[in-house]
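Data first, discussion second: the structure below is written as structure tokens.
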Amino acid sequence: MRNFIKQTLLIFIIFFCFNFNAYANVPHFLDFKYILNQSDAGKKAQSFLKNKLEKGIKNLKEKEKTIQQEEKKIISQKKVITEDEYKKKVSELRKKVALLQKERTSLLNTVAKQREKARNELLKNLNPIIKDYMKDKKIRMVIDKKSLLLADENLNITNDIIDLLNKKLKSIKLD
């Protein structure tokens, strides 16, 4: 009977150790997109970029209105001015439209580059945090949520990583 208890206890201990070790071997996951958008630095960067884009678009729309008014003015003067002068004004107007399109493209490219810079800065700060977290929790693998089909929510470490990132990185310098 005593031998039976010892064997049962030994099996229980081995089983417990195996389960603990097996838990560390289970891949955990996190949602990179959520981290990038919901961390303090990510939110500030998103807000900055959104404001910059909105101001730029507002400025472009004002210029577009001015060009449209100029176009109407030129059309109304078509019969009053000479044909050469009319062609000259239309040519100037086309140059303004081309310049406006270049400005729009430039604005979009600038915002896209700054968004990519912010993303890279966040990822650069995120990688050591994830590595340290993995080492502390004895996790061997972390997968991005978008690569998963189905997983237990207990394996989701997104919120823990956001908390650690918020402590380390308050904001990102974009200008």
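Ligands are numbered from 1 in the order shown, residues from 1 within each chain, and chains are lettered A, B, ... in the order they appear in the structure tokens.
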Under the rule of at most 12 Å, produce a per-residue listing of region 50-107 of chain A near region 113-135 of chain A: chain, number, name, the closest pair of atoms, and the distance in Å, as JSON lines, using only C-alpha atoms.
{"residue": "A:Lys50", "atom": "CA", "partner": "A:Arg115", "partner_atom": "CA", "distance": 10.0}
{"residue": "A:Lys52", "atom": "CA", "partner": "A:Gln114", "partner_atom": "CA", "distance": 10.5}
{"residue": "A:Leu53", "atom": "CA", "partner": "A:Gln114", "partner_atom": "CA", "distance": 11.1}
{"residue": "A:Ser106", "atom": "CA", "partner": "A:Lys113", "partner_atom": "CA", "distance": 10.4}
{"residue": "A:Leu107", "atom": "CA", "partner": "A:Lys113", "partner_atom": "CA", "distance": 9.9}
Those of chain A in DSSP strand (DSSP E), formatted as number ranges by chain: A: 28-30, 142-144
Sorted by chain and rising residue number, list the residues of region 63-174 of chain A at most 6 Å from region 25-42 of chain A (counting only C-alpha atoms), each with its closest atom pair and distance in Å to one decimal, as JSON lines.
{"residue": "A:Arg140", "atom": "CA", "partner": "A:Asn25", "partner_atom": "CA", "distance": 5.8}
{"residue": "A:Met141", "atom": "CA", "partner": "A:Pro27", "partner_atom": "CA", "distance": 4.7}
{"residue": "A:Val142", "atom": "CA", "partner": "A:His28", "partner_atom": "CA", "distance": 4.8}
{"residue": "A:Ile143", "atom": "CA", "partner": "A:Phe29", "partner_atom": "CA", "distance": 4.6}
{"residue": "A:Asp144", "atom": "CA", "partner": "A:Leu30", "partner_atom": "CA", "distance": 5.3}
{"residue": "A:Lys145", "atom": "CA", "partner": "A:Asp31", "partner_atom": "CA", "distance": 4.9}
{"residue": "A:Leu155", "atom": "CA", "partner": "A:His28", "partner_atom": "CA", "distance": 4.8}
{"residue": "A:Asn156", "atom": "CA", "partner": "A:Phe29", "partner_atom": "CA", "distance": 5.1}
{"residue": "A:Ile157", "atom": "CA", "partner": "A:Leu30", "partner_atom": "CA", "distance": 5.4}
{"residue": "A:Thr158", "atom": "CA", "partner": "A:Leu30", "partner_atom": "CA", "distance": 4.5}
{"residue": "A:Ile162", "atom": "CA", "partner": "A:Ser39", "partner_atom": "CA", "distance": 5.7}
{"residue": "A:Asn166", "atom": "CA", "partner": "A:Asp40", "partner_atom": "CA", "distance": 5.8}
{"residue": "A:Lys170", "atom": "CA", "partner": "A:Ala41", "partner_atom": "CA", "distance": 5.2}
{"residue": "A:Ser171", "atom": "CA", "partner": "A:Ala41", "partner_atom": "CA", "distance": 4.1}
{"residue": "A:Ile172", "atom": "CA", "partner": "A:Ala41", "partner_atom": "CA", "distance": 5.9}
For a test of reading the model, state the distance in Å between CA of Arg104 (chain A) and CA of Ile57 (chain A), rounded to one decimal.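 Interatomic distance, CA of Arg104 (chain A) to CA of Ile57 (chain A): 7.7 Å.
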Which of A:Val80, A:Leu60, A:Ile74, A:Ile67 sits closest to Glu103 (chain A) [using only C-alpha atoms]: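 Going through A:Val80, A:Leu60, A:Ile74, A:Ile67 one by one, the smallest distance to Glu103 (chain A) is for A:Leu60.
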Give me every alpha helix (DSSP H) residue in region 29-91 of chain A, going by DSSP on the backbone, as a VMD selection string. chain A and resid 32 to 38 40 to 76 83 to 91
Output file for the residues above (C-alpha atoms, as a PDB file, in the first residue's frame):
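Output file result-v4.pdb follows:
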ATOM      1  CA  PHE A  32       0.537  43.521 -33.329  1.00  0.00           C
ATOM      2  CA  LYS A  33      -2.017  45.733 -35.032  1.00  0.00           C
ATOM      3  CA  TYR A  34      -3.887  46.251 -31.762  1.00  0.00           C
ATOM      4  CA  ILE A  35      -0.627  47.041 -29.948  1.00  0.00           C
ATOM      5  CA  LEU A  36       0.415  49.545 -32.606  1.00  0.00           C
ATOM      6  CA  ASN A  37      -2.973  51.299 -32.495  1.00  0.00           C
ATOM      7  CA  GLN A  38      -3.795  51.090 -28.774  1.00  0.00           C
ATOM      8  CA  ASP A  40       0.004  55.257 -25.725  1.00  0.00           C
ATOM      9  CA  ALA A  41       2.766  56.036 -28.226  1.00  0.00           C
ATOM     10  CA  GLY A  42       0.750  54.471 -31.058  1.00  0.00           C
ATOM     11  CA  LYS A  43      -2.350  56.506 -30.215  1.00  0.00           C
ATOM     12  CA  LYS A  44      -0.338  59.734 -30.067  1.00  0.00           C
ATOM     13  CA  ALA A  45       1.336  58.976 -33.390  1.00  0.00           C
ATOM     14  CA  GLN A  46      -2.019  58.128 -35.010  1.00  0.00           C
ATOM     15  CA  SER A  47      -3.545  61.346 -33.682  1.00  0.00           C
ATOM     16  CA  PHE A  48      -0.592  63.436 -34.889  1.00  0.00           C
ATOM     17  CA  LEU A  49      -0.688  61.889 -38.354  1.00  0.00           C
ATOM     18  CA  LYS A  50      -4.461  62.212 -38.619  1.00  0.00           C
ATOM     19  CA  ASN A  51      -4.321  65.907 -37.691  1.00  0.00           C
ATOM     20  CA  LYS A  52      -1.501  66.546 -40.138  1.00  0.00           C
ATOM     21  CA  LEU A  53      -3.416  64.826 -42.930  1.00  0.00           C
ATOM     22  CA  GLU A  54      -6.660  66.658 -42.138  1.00  0.00           C
ATOM     23  CA  LYS A  55      -4.913  70.063 -42.059  1.00  0.00           C
ATOM     24  CA  GLY A  56      -3.131  69.291 -45.317  1.00  0.00           C
ATOM     25  CA  ILE A  57      -6.346  68.177 -47.031  1.00  0.00           C
ATOM     26  CA  LYS A  58      -8.181  71.253 -45.753  1.00  0.00           C
ATOM     27  CA  ASN A  59      -5.426  73.466 -47.174  1.00  0.00           C
ATOM     28  CA  LEU A  60      -5.555  71.617 -50.494  1.00  0.00           C
ATOM     29  CA  LYS A  61      -9.349  71.993 -50.698  1.00  0.00           C
ATOM     30  CA  GLU A  62      -9.039  75.739 -50.146  1.00  0.00           C
ATOM     31  CA  LYS A  63      -6.506  75.949 -52.968  1.00  0.00           C
ATOM     32  CA  GLU A  64      -8.777  73.818 -55.139  1.00  0.00           C
ATOM     33  CA  LYS A  65     -11.681  76.212 -54.533  1.00  0.00           C
ATOM     34  CA  THR A  66      -9.483  79.146 -55.493  1.00  0.00           C
ATOM     35  CA  ILE A  67      -8.471  77.377 -58.713  1.00  0.00           C
ATOM     36  CA  GLN A  68     -12.116  76.596 -59.517  1.00  0.00           C
ATOM     37  CA  GLN A  69     -13.069  80.249 -59.009  1.00  0.00           C
ATOM     38  CA  GLU A  70     -10.188  81.290 -61.224  1.00  0.00           C
ATOM     39  CA  GLU A  71     -11.367  78.814 -63.857  1.00  0.00           C
ATOM     40  CA  LYS A  72     -14.895  80.270 -63.796  1.00  0.00           C
ATOM     41  CA  LYS A  73     -13.443  83.762 -64.095  1.00  0.00           C
ATOM     42  CA  ILE A  74     -11.337  82.756 -67.110  1.00  0.00           C
ATOM     43  CA  ILE A  75     -14.328  81.086 -68.785  1.00  0.00           C
ATOM     44  CA  SER A  76     -16.461  84.178 -68.237  1.00  0.00           C
ATOM     45  CA  GLU A  83      -7.376  84.170 -77.791  1.00  0.00           C
ATOM     46  CA  ASP A  84      -3.648  84.333 -76.980  1.00  0.00           C
ATOM     47  CA  GLU A  85      -4.347  85.860 -73.590  1.00  0.00           C
ATOM     48  CA  TYR A  86      -7.035  83.204 -72.971  1.00  0.00           C
ATOM     49  CA  LYS A  87      -4.605  80.392 -73.845  1.00  0.00           C
ATOM     50  CA  LYS A  88      -1.992  81.941 -71.582  1.00  0.00           C
ATOM     51  CA  LYS A  89      -4.428  82.060 -68.631  1.00  0.00           C
ATOM     52  CA  VAL A  90      -5.578  78.474 -69.260  1.00  0.00           C
ATOM     53  CA  SER A  91      -1.953  77.358 -69.371  1.00  0.00           C
TER      54      SER A  91
END
